Amino acid sequence: MTPGVTHGPVPGTIAAAWLVARKDLSIEFRTRTAFLSALVFSVLGLATFYFTWDFSIVTPADRAPGVMWVILTFSALIGLQRSFGVEEHDRGIDALLVSPISREAIYLGKAVGNLVFLAAVQVVALPALAIFYNLPFDRAFLAVAGIVLLAMIGIVAVGTLFSAMAVNTRLAELLLPLLCLPFFVPVLINSAQASARLLAGRPMAEAWPQLKIVVGFDIVFLVVCTLVFPYTLEE
Amino acid sequence: MSSWTYVRRIFGGMSSPPSAVEAAGLVRSFGSRRAVDGVTFSLSPGDCLTVFGPNGAGKTTLLRVVAGLLRPTEGRVLVRGHELREDGAARAGVGLISHQSMLYGALTARENVEFAARLYGVADPRAAADEVLTRMRIAGRSETRVRALSRGLQQRVSIARAIVHAPTMVLLDEPYTGLDAAGGAALTEMLSELRAGGATMVLVKHNVDEGLALATHAAIMLGGRFVRSDGRDAIDPTRYGAEYRSLVIADSERGSSAAARAS
C-alpha cells in the first residue's frame with residue numbers, strides 16, 4: 001500500500017544528477033528530435049562548407065578545424081535549446097524543484113545529458129568531417145577528438161546554465177546563442193588553435209598551452225555555473 | 001478577517017512541537033501586484049486546509065509559495081520547522097499536484113512515476129510505482145507513453161507521481177480536474193489514507209462540496225487575502241456554498257466598480 005512505502009536514503013548529488021541525466025537521455029532516445037536535427041545540421045554544414053571553398057587556395061587540412069568548430073558550436077546550441085525545453089512543456093521542472101534533490105544535482109544532470117547528447121552527435125560528425133576533408137584517421141585525429149571532448153565540457157557547462165535562464169523567455173531561441181557565444185569564445189579559440197596545429201602535423205607539445213587554457217576554462221565554468229544555477233531558478 | 005492563526009491544538013506555548021505547516025504573514029508580489037497578501041495559518045499533522053476562491057484570487061500562488069517554488073516577498077512558511085527552499089530533506093515529505101501534470105510525455109506512465117520514486121529515495125521504486133498506479137486504477141496503461149493518454153488519465157498519473165513516496169504534506173491544486181468518477185474515488189481514497197497516516201494537506205478548490213469533504217479547516221481567498229477562515233466544526237456545509245458565492249459576487253462587484261471609477 002502506498003502510504004506504507006519504504007524509504008531509503010534520498011539520492012545524493014551525484015546519484016540524483018545521474019537520475020536526471022538518464023531521464024533526459026531516455027526522452028531524447030525516444031523522440032530523437034534534437035539528435036536528428038543536430039546530426040542533419042552537422043552533415044549539411046560540412047557539405048555546404050565543402051562546396052564553398054576553393055581547394056587550390058586553401059588546403060582541406062587548413063579548413064577542417066574551423067569548419068569543425070563552427071559545426072560543433074551550433075549543433076551544441078540545438079541540444080542546449082532542448083535541455084530545459086523538455087521541462088517546460090508540462091512544468092516537469094517543478095517536480096524536480098519540489099523533490100529533495102539539490103539544485104546543483106539538477107544542473108549537473110542536465111549538463112551530463114547535454115554532454116552525452118553532444119558527444120553522440122560528434123561520433124557521427126567527426127568521421128564525416130574526416131571523410132569530407134580527407135583527414136587521416138591517425139593519432140592526430142584521435143587527439144583532436146580528445147580536444148573536442150574537452151571543449152564540449154566547457155561549452156555544455158555554460159550552455160546548460162544559459163539554457164535554464166533563456167527557456168522561460170519569449171525569444172529563447174534567439175537569446176540562448178546571444179548569451180552563450182561570448183562565453184564559448186575562449187574555449188573555441190584555444191581548442192581551434194590546438195586542433196589546427198595537430199591536424200597540420202605539429203607535435204602535441206605545441207598544442208599543450210592551448211589545452212591547459214581549455215581545461216582551466218572547463219573547471220572555472222563548471223564550478224561557477226554549478227554555484228550560480230540555483231539562482232537562475234528563482235521566479 | 002484578513003488572516004487567521006489556528007491555536008496549536010494539543011500543546012500550547014513555548015514547548016509545543018513545530019506545526020506541520022506554519023505560514024506567517026505571507027506576501028508574494030509580482031511587480032506592484034500582491035498575488036498573496038498577508039496570509040497566515042498553521043496546520044497540525046493530519047489537518048487539511050481547503051482554500052476556496054475565484055480565478056485570480058492567489059490560491060495557486062499561495063500553494064507555490066508553500067511548496068517552496070516561489071520565494072515569499074515577505075513573511076515565511078515553515079514545514080515541520082524547516083524552510084522547504086533551503087532544506088532538501090524537508091522536501092522529501094512533500095507531494096505537489098499542480099495545474100500542470102509535471103510529467104514527461106515521451107516516458108511511459110510507469111517510468112514517470114518510477115522516476116519520481118527514485119528522486120525521493122523510495123526503497124523499491126519499481127514496485128512502489130506499480131502499486132500506486134494500480135491504486136489510481138491506471139495499471140493497465142502503465143506502459144503507455146504519457147502523451148498518448150487522455151487528459152484524465154494523465155491526471156491520474158500525475159497524482160500517482162505526487163504521492164508515490166507517501167508524502168507527509170500534500171499540496172493539491174484542483175486535483176479532481178479531469179478525473180472521472182472512478183479516478184475521483186481513487187484519489188479521495190488515497191488522500192484519506194494519507195491523512196489517516198498523519199499527512200497534512202493544503203487543497204485548492206472551486207467546488208465547495210468536494211472541498212469540504214476532506215477539510216478540517218476552510219478558508220476563502222479573495223484578492224490574495226483570507227477573507228474568511230474557519231475550523232471544519234464551525235462550518236455549516238449547507239450554507240457555506242451560498243456564503244462563499246455571496247462573498248465572491250460582492251468582491252467581483254467591488255472590482256467592477258473600482259475599474260469603472262479608474263476608467
# chains A, B, ... in the order shown; residues from 1 in each chain; ligands from 1
>>> interface_residues(of="chain B", to="chain A", cutoff="9 Å", atoms="only C-alpha atoms", output="number ranges by chain")
B: 67-71, 84-85, 87-96, 100-107, 111, 115-116, 118-124, 128-129, 131-132, 135, 161-167, 190, 193-194, 197
>>> select_by_dssp(residues="segment 93-219 of chain A", states="alpha helix (DSSP H)", output="PyMOL selection string")
chain A and resi 93-98+103-132+139-166+172-199+208-219
>>> write_last_selection(atoms="C-alpha atoms", output="compact mmCIF listing (two decimals), in the first residue's frame")
# COMPACT_ATOMS: atom_id res chain seq x y z
CA ILE A 93 10.95 21.29 -13.59
CA ASP A 94 8.53 21.97 -10.72
CA ALA A 95 8.53 18.28 -9.82
CA LEU A 96 12.33 18.36 -9.74
CA LEU A 97 12.39 21.50 -7.61
CA VAL A 98 9.86 20.18 -5.10
CA ARG A 103 19.51 22.30 -7.42
CA GLU A 104 23.14 21.52 -8.16
CA ALA A 105 22.17 17.92 -8.96
CA ILE A 106 19.60 19.17 -11.47
CA TYR A 107 22.27 21.30 -13.14
CA LEU A 108 24.87 18.56 -13.22
CA GLY A 109 22.33 16.04 -14.51
CA LYS A 110 21.31 18.38 -17.28
CA ALA A 111 24.96 19.06 -18.11
CA VAL A 112 25.81 15.36 -18.28
CA GLY A 113 22.78 14.75 -20.50
CA ASN A 114 23.87 17.56 -22.80
CA LEU A 115 27.44 16.27 -22.87
CA VAL A 116 26.33 12.78 -23.89
CA PHE A 117 23.99 14.28 -26.47
CA LEU A 118 26.74 16.40 -28.00
CA ALA A 119 29.24 13.54 -27.87
CA ALA A 120 26.77 11.31 -29.71
CA VAL A 121 26.44 13.93 -32.45
CA GLN A 122 30.22 14.23 -32.72
CA VAL A 123 30.61 10.46 -33.01
CA VAL A 124 28.99 10.87 -36.42
CA ALA A 125 30.11 14.40 -37.27
CA LEU A 126 33.86 13.89 -36.72
CA PRO A 127 34.20 10.87 -39.04
CA ALA A 128 32.07 12.77 -41.56
CA LEU A 129 34.49 15.68 -41.26
CA ALA A 130 37.42 13.33 -41.88
CA ILE A 131 35.73 11.92 -44.97
CA PHE A 132 34.77 15.32 -46.42
CA ARG A 139 46.79 9.62 -33.76
CA ALA A 140 46.47 13.32 -34.50
CA PHE A 141 42.82 12.82 -35.36
CA LEU A 142 42.26 10.92 -32.13
CA ALA A 143 43.95 13.72 -30.24
CA VAL A 144 41.62 16.20 -31.94
CA ALA A 145 38.68 14.08 -30.80
CA GLY A 146 40.06 14.43 -27.27
CA ILE A 147 40.23 18.21 -27.67
CA VAL A 148 36.65 18.20 -28.88
CA LEU A 149 35.65 16.35 -25.72
CA LEU A 150 37.47 18.86 -23.52
CA ALA A 151 35.87 21.78 -25.34
CA MET A 152 32.44 20.21 -25.06
CA ILE A 153 32.72 20.22 -21.27
CA GLY A 154 33.17 23.99 -21.19
CA ILE A 155 30.50 24.58 -23.83
CA VAL A 156 28.00 22.37 -22.03
CA ALA A 157 28.80 23.90 -18.63
CA VAL A 158 27.98 27.40 -19.83
CA GLY A 159 25.23 26.37 -22.22
CA THR A 160 23.28 24.41 -19.61
CA LEU A 161 23.20 27.40 -17.31
CA PHE A 162 22.04 29.77 -20.03
CA SER A 163 19.53 27.24 -21.30
CA ALA A 164 17.84 27.35 -17.89
CA MET A 165 17.87 31.15 -17.96
CA ALA A 166 16.59 31.51 -21.51
CA ALA A 172 14.57 31.82 -26.05
CA GLU A 173 15.88 30.58 -29.39
CA LEU A 174 17.49 33.91 -30.08
CA LEU A 175 18.61 34.61 -26.55
CA LEU A 176 20.46 31.36 -25.96
CA PRO A 177 23.08 31.87 -28.71
CA LEU A 178 23.46 35.52 -27.75
CA LEU A 179 24.15 34.58 -24.14
CA CYS A 180 26.32 31.58 -24.88
CA LEU A 181 28.58 32.59 -27.74
CA PRO A 182 30.62 35.25 -25.89
CA PHE A 183 31.40 32.69 -23.20
CA PHE A 184 32.20 29.98 -25.73
CA VAL A 185 34.85 32.19 -27.36
CA PRO A 186 37.80 31.46 -25.04
CA VAL A 187 37.18 27.73 -25.25
CA LEU A 188 36.66 27.80 -29.01
CA ILE A 189 39.70 29.94 -29.82
CA ASN A 190 42.07 27.77 -27.87
CA SER A 191 40.51 24.50 -28.99
CA ALA A 192 40.59 25.60 -32.61
CA GLN A 193 44.25 26.61 -32.38
CA ALA A 194 45.22 23.35 -30.70
CA SER A 195 43.33 21.19 -33.20
CA ALA A 196 44.68 23.17 -36.16
CA ARG A 197 48.24 22.53 -35.01
CA LEU A 198 47.65 18.82 -34.59
CA LEU A 199 45.91 18.45 -37.93
CA TRP A 208 49.60 21.95 -24.76
CA PRO A 209 49.46 25.67 -23.90
CA GLN A 210 46.02 25.99 -25.52
CA LEU A 211 44.81 22.74 -23.97
CA LYS A 212 45.75 23.95 -20.50
CA ILE A 213 43.68 27.08 -21.06
CA VAL A 214 40.72 24.99 -22.25
CA VAL A 215 40.95 22.77 -19.17
CA GLY A 216 41.18 25.87 -16.98
CA PHE A 217 38.03 27.34 -18.52
CA ASP A 218 36.27 23.98 -18.18
CA ILE A 219 36.94 23.90 -14.45
>>> closest_residue(among="A:Ala207, A:Ala200, A:Val228, A:Leu77", to="Ala61 of chain A", atoms="only C-alpha atoms")
A:Ala200
>>> select_by_dssp(residues="segment 29-232 of chain B", states="strand (DSSP E or B)", output="ChimeraX atom specification")
/B:29-30,33-43,48-52,74-79,82,94-97,108,122,145,169-173,200-205,217-222,225-231
>>> write_last_selection(atoms="C-alpha atoms", output="JSON list (two decimals), in the first residue's frame")
[["chain", "number", "residue", "atom", "x", "y", "z"],
["B", 29, "SER", "CA", 4.22, 40.24, -5.20],
["B", 30, "PHE", "CA", 4.61, 40.28, -8.95],
["B", 33, "ARG", "CA", 0.52, 43.40, -7.69],
["B", 34, "ARG", "CA", 0.24, 41.40, -4.48],
["B", 35, "ALA", "CA", -0.93, 37.93, -5.52],
["B", 36, "VAL", "CA", -0.72, 36.76, -1.92],
["B", 37, "ASP", "CA", -1.23, 39.47, 0.66],
["B", 38, "GLY", "CA", -0.56, 38.69, 4.29],
["B", 39, "VAL", "CA", -1.70, 35.10, 4.63],
["B", 40, "THR", "CA", -1.13, 33.43, 7.98],
["B", 41, "PHE", "CA", -2.12, 29.94, 9.03],
["B", 42, "SER", "CA", -0.91, 26.98, 10.99],
["B", 43, "LEU", "CA", -1.75, 23.31, 10.49],
["B", 48, "CYS", "CA", -6.49, 19.52, 5.73],
["B", 49, "LEU", "CA", -6.89, 23.17, 4.83],
["B", 50, "THR", "CA", -9.12, 23.76, 1.82],
["B", 51, "VAL", "CA", -8.74, 27.14, 0.18],
["B", 52, "PHE", "CA", -11.68, 28.32, -1.90],
["B", 74, "GLU", "CA", 7.50, 38.96, 2.88],
["B", 75, "GLY", "CA", 6.82, 36.51, 5.67],
["B", 76, "ARG", "CA", 7.82, 32.89, 5.74],
["B", 77, "VAL", "CA", 6.44, 29.40, 5.67],
["B", 78, "LEU", "CA", 7.85, 26.50, 7.66],
["B", 79, "VAL", "CA", 7.06, 22.85, 7.09],
["B", 82, "HIS", "CA", 12.02, 23.82, 8.04],
["B", 94, "VAL", "CA", 6.20, 16.92, 0.18],
["B", 95, "GLY", "CA", 3.93, 15.94, -2.68],
["B", 96, "LEU", "CA", 2.59, 18.51, -5.13],
["B", 97, "ILE", "CA", -0.30, 18.16, -7.56],
["B", 108, "THR", "CA", 5.55, 5.90, -20.02],
["B", 122, "VAL", "CA", 11.85, 5.12, -2.27],
["B", 145, "ARG", "CA", 3.61, 6.91, -23.09],
["B", 169, "MET", "CA", 2.47, 17.04, 3.33],
["B", 170, "VAL", "CA", 0.37, 17.09, 0.18],
["B", 171, "LEU", "CA", -0.32, 20.27, -1.76],
["B", 172, "LEU", "CA", -3.16, 19.91, -4.21],
["B", 173, "ASP", "CA", -4.28, 22.42, -6.79],
["B", 200, "THR", "CA", -1.14, 17.36, 6.27],
["B", 201, "MET", "CA", -2.86, 18.78, 3.23],
["B", 202, "VAL", "CA", -3.48, 22.10, 1.61],
["B", 203, "LEU", "CA", -6.15, 21.79, -1.06],
["B", 204, "VAL", "CA", -7.19, 24.44, -3.53],
["B", 205, "LYS", "CA", -10.74, 24.05, -4.82],
["B", 217, "HIS", "CA", -10.18, 23.84, 8.02],
["B", 218, "ALA", "CA", -11.51, 26.01, 5.23],
["B", 219, "ALA", "CA", -10.60, 29.46, 4.01],
["B", 220, "ILE", "CA", -12.00, 31.76, 1.37],
["B", 221, "MET", "CA", -9.36, 33.69, -0.51],
["B", 222, "LEU", "CA", -10.12, 36.91, -2.36],
["B", 225, "ARG", "CA", -6.17, 37.51, 1.36],
["B", 226, "PHE", "CA", -8.01, 35.06, 3.51],
["B", 227, "VAL", "CA", -11.31, 36.90, 3.98],
["B", 228, "ARG", "CA", -12.87, 34.10, 5.96],
["B", 229, "SER", "CA", -11.38, 31.14, 7.74],
["B", 230, "ASP", "CA", -13.00, 28.51, 9.90],
["B", 231, "GLY", "CA", -12.38, 25.19, 11.53]]
>>> closest_residue(among="B:Asn55, B:Arg239, B:Arg156, B:Thr73", to="Ser32 of chain B", atoms="only C-alpha atoms")
B:Thr73
>>> closest_residue(among="B:Ala148, B:Leu214, B:Arg126, B:Val65", to="Glu189 of chain B", atoms="only C-alpha atoms")
B:Leu214
>>> residues_around(residues="Asp209 of chain B", least_positions_apart="3", cutoff="8 Å", atoms="only C-alpha atoms", output="PyMOL selection string")
chain B and resi 212-213+237+241
>>> residues_around(residues="Gly183 of chain B", least_positions_apart="2", cutoff="9 Å", atoms="only C-alpha atoms", output="list in words")
Met136, Arg137, Ile138, Gly152, Leu153, Gln155, Arg156, Tyr176, Gly178, Leu179, Asp180, Ala181, Ala185, Ala186, Leu187 and Thr188 of chain B
>>> write_last_selection(atoms="N, CA and C atoms", output="PDB file, in the first residue's frame")
ATOM      1  N   MET B 136      -4.423   3.950  -8.418  1.00  0.00           N
ATOM      2  CA  MET B 136      -5.091   5.012  -9.183  1.00  0.00           C
ATOM      3  C   MET B 136      -5.840   4.446 -10.389  1.00  0.00           C
ATOM      4  N   ARG B 137      -5.922   3.150 -10.461  1.00  0.00           N
ATOM      5  CA  ARG B 137      -6.695   2.428 -11.486  1.00  0.00           C
ATOM      6  C   ARG B 137      -6.239   2.773 -12.896  1.00  0.00           C
ATOM      7  N   ILE B 138      -4.917   2.756 -13.061  1.00  0.00           N
ATOM      8  CA  ILE B 138      -4.367   3.010 -14.385  1.00  0.00           C
ATOM      9  C   ILE B 138      -3.266   2.006 -14.706  1.00  0.00           C
ATOM     10  N   GLY B 152      -7.595  13.058 -18.566  1.00  0.00           N
ATOM     11  CA  GLY B 152      -7.993  12.472 -17.276  1.00  0.00           C
ATOM     12  C   GLY B 152      -7.008  11.404 -16.809  1.00  0.00           C
ATOM     13  N   LEU B 153      -6.546  10.593 -17.749  1.00  0.00           N
ATOM     14  CA  LEU B 153      -5.582   9.550 -17.361  1.00  0.00           C
ATOM     15  C   LEU B 153      -4.237  10.170 -16.998  1.00  0.00           C
ATOM     16  N   GLN B 155      -3.930  12.946 -15.560  1.00  0.00           N
ATOM     17  CA  GLN B 155      -4.112  13.470 -14.210  1.00  0.00           C
ATOM     18  C   GLN B 155      -3.934  12.360 -13.174  1.00  0.00           C
ATOM     19  N   ARG B 156      -4.417  11.173 -13.510  1.00  0.00           N
ATOM     20  CA  ARG B 156      -4.232  10.051 -12.583  1.00  0.00           C
ATOM     21  C   ARG B 156      -2.740   9.744 -12.409  1.00  0.00           C
ATOM     22  N   TYR B 176      -8.980  17.226  -8.676  1.00  0.00           N
ATOM     23  CA  TYR B 176     -10.053  16.423  -9.287  1.00  0.00           C
ATOM     24  C   TYR B 176     -10.322  16.828 -10.736  1.00  0.00           C
ATOM     25  N   GLY B 178     -10.526  16.941 -14.413  1.00  0.00           N
ATOM     26  CA  GLY B 178     -10.304  15.951 -15.478  1.00  0.00           C
ATOM     27  C   GLY B 178     -10.544  14.520 -15.054  1.00  0.00           C
ATOM     28  N   LEU B 179     -10.724  14.287 -13.762  1.00  0.00           N
ATOM     29  CA  LEU B 179     -10.918  12.909 -13.306  1.00  0.00           C
ATOM     30  C   LEU B 179     -12.375  12.486 -13.470  1.00  0.00           C
ATOM     31  N   ASP B 180     -12.575  11.241 -13.886  1.00  0.00           N
ATOM     32  CA  ASP B 180     -13.934  10.713 -13.905  1.00  0.00           C
ATOM     33  C   ASP B 180     -14.284  10.207 -12.497  1.00  0.00           C
ATOM     34  N   ALA B 181     -15.454   9.600 -12.363  1.00  0.00           N
ATOM     35  CA  ALA B 181     -15.904   9.182 -11.029  1.00  0.00           C
ATOM     36  C   ALA B 181     -14.942   8.183 -10.392  1.00  0.00           C
ATOM     37  N   ALA B 185     -12.788   8.863  -7.082  1.00  0.00           N
ATOM     38  CA  ALA B 185     -12.931   7.996  -5.903  1.00  0.00           C
ATOM     39  C   ALA B 185     -11.571   7.455  -5.469  1.00  0.00           C
ATOM     40  N   ALA B 186     -10.755   7.085  -6.465  1.00  0.00           N
ATOM     41  CA  ALA B 186      -9.416   6.567  -6.137  1.00  0.00           C
ATOM     42  C   ALA B 186      -8.593   7.637  -5.437  1.00  0.00           C
ATOM     43  N   LEU B 187      -8.703   8.870  -5.933  1.00  0.00           N
ATOM     44  CA  LEU B 187      -7.940   9.962  -5.317  1.00  0.00           C
ATOM     45  C   LEU B 187      -8.415  10.209  -3.884  1.00  0.00           C
ATOM     46  N   THR B 188      -9.723  10.275  -3.707  1.00  0.00           N
ATOM     47  CA  THR B 188     -10.253  10.515  -2.360  1.00  0.00           C
ATOM     48  C   THR B 188      -9.794   9.420  -1.396  1.00  0.00           C
TER      49      THR B 188
END
>>> atom_distance(atom1="atom CA of Arg232 of chain B", atom2="atom CA of Tyr244 of chain B")
14.6 Å
>>> atom_distance(atom1="atom CA of Tyr240 of chain B", atom2="atom CA of Val208 of chain B")
7.6 Å
